[in-house]
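**Student:** Dropping the structure in here first, questions after.
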Amino acid sequence: MMNEYSMLRFAFLILALLALPINAATVSNLYQAQVVLPDTDKESEQTARQQGLEQVLIKVSGQSQIVENEVVRKALTNSSQYISQFGVGSRDGQQTLDMAFDRTQIHNLLTKANATLWSDQRPAVLVWLVKENNREREIVWDQSSYALQAQMKAVADARGVPMMMPIGDFDDITAVTVPDLWGGFIEPVANASVRYNPEALLIIRARENGENVSLTWQLYEDAPDRIVASQVAPKEGRESGSIAEASNSMVNQIADLLAAKYAVQLGGESGEAFAIRFANIQTTEDFFTLERMLTGLSSVASVNAQRVHADQVVFAINLLSSKEAFKRELLNDRRITQVVDDSEGFSDDAYQSEPALETEGVITPVDPVSADAADTSTNAISDASVTADTVAPDAGQEELFYWQP
């Protein structure tokens, strides 16, 4: 039976699970694929397995052209070793081969290919779509039955990009007008988007011409409350053709742009463990939330808490990628900012004793199911003893980041 302290630690871990960035979405189908199976012969099934692996690699890497990689091309010829489960299903009246792929095997393959890895925590994109037909313009809301809307969502799902559309209630209708969207007036659109808490905005202007459509789009790769102040120009593009052709091309470009910002390059030289320091860690909940966030980064192999001093915590980080890729991924989290001028760092004396991890302020996360944890304060991180596998690096090598939950 857990003692009171262990129960509190467990409660803090549960809170940490819920404390992910609120404007990110968890994509749950990255390692699953469904491919139409026209026949049940061996050749058709082999082709479907290859197509399924290709689908998953595109979703997980964020690269639409991942199959051009030589290592990936070779892997496609032996796709069965990456499949963990499969079965026969159906879609739109057609028989399908439904597959689940092994996460570790996929990660290993992408590492060998020096490709990128895009985690399942992905930016939610809010789409404002206005269409023109016979010189009449209207905004397309979430519950509309517009063919472009359905096709766009299907492609976004295939790329693992969480897309949503405004619901079109009274607040939306009174906040944003057709001229705002068609004229590119971003301030009212950004203000109206805050309530949806997205991490990116996509504005699309669609001109219909019979069976074809012309699309002009703008992608703002930032949260709406930052867009106006940052004055960063959006990424733009134009597509035309059938609804399927235009929407496929547009969404694939947008997915590639987002992956270029959020995906992490694998296969780089990570070197040995290095230390990173965080300030403003006020409570045990802060600690667990931060630790879980670090552990969940695509670039991170393992995280070990080494030391606590006042409101600062040092973590030893082992990487799957380069330090540059790690920092880029870390700073994508809006709760983290880097402190360039560190005038209140750890005392050098804190690193002089041997072994290093026995000096003051040492901390170690405790297994939440353990009943043997010692009592300590739950409102602030306190000193404790620890056994760690990593050696404390020099204090001068630590970079300082500020945590603002």
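Residue numbers start at 1 in each chain; chains themselves are named A, B, ... in the order of the structure tokens; ligands are numbered from 1 in the order shown.
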List every residue of stretch 165-260 of chain A that DSSP, applied to the backbone of this structure, assigns to strand (DSSP E), and report them as a ChimeraX atom specification.

**Tutor:** /A:200-209,212-220,235-242

**Student:** With only C-alpha atoms as the counted atoms, please give the residues lying no more than 12 Å from A:Leu331, apart from itself and same-chain residues fewer than 2 positions off, as JSON, numbers by chain.

**Tutor:** {"A": [261, 262, 293, 294, 297, 324, 325, 326, 327, 328, 329, 333, 334, 335, 336, 337, 338, 339, 401, 402, 403]}

**Student:** Using Å and a single decimal, report how far atom CA of A:Asp92 sits from atom CA of A:Val140.

**Tutor:** 25.2 Å

**Student:** Out of stretch 75-131 of chain A, which residues get alpha helix (DSSP H) from DSSP, as a ChimeraX atom specification?

**Tutor:** /A:75-76,103-112

**Student:** For A:Val88, please output as a list of chain:residue names all residues within 6 Å (counting only C-alpha atoms; exclusion window: fewer than 5 positions along the same chain).

**Tutor:**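 My reading of the contact set: A:Thr96, A:Leu97, A:Asp98.
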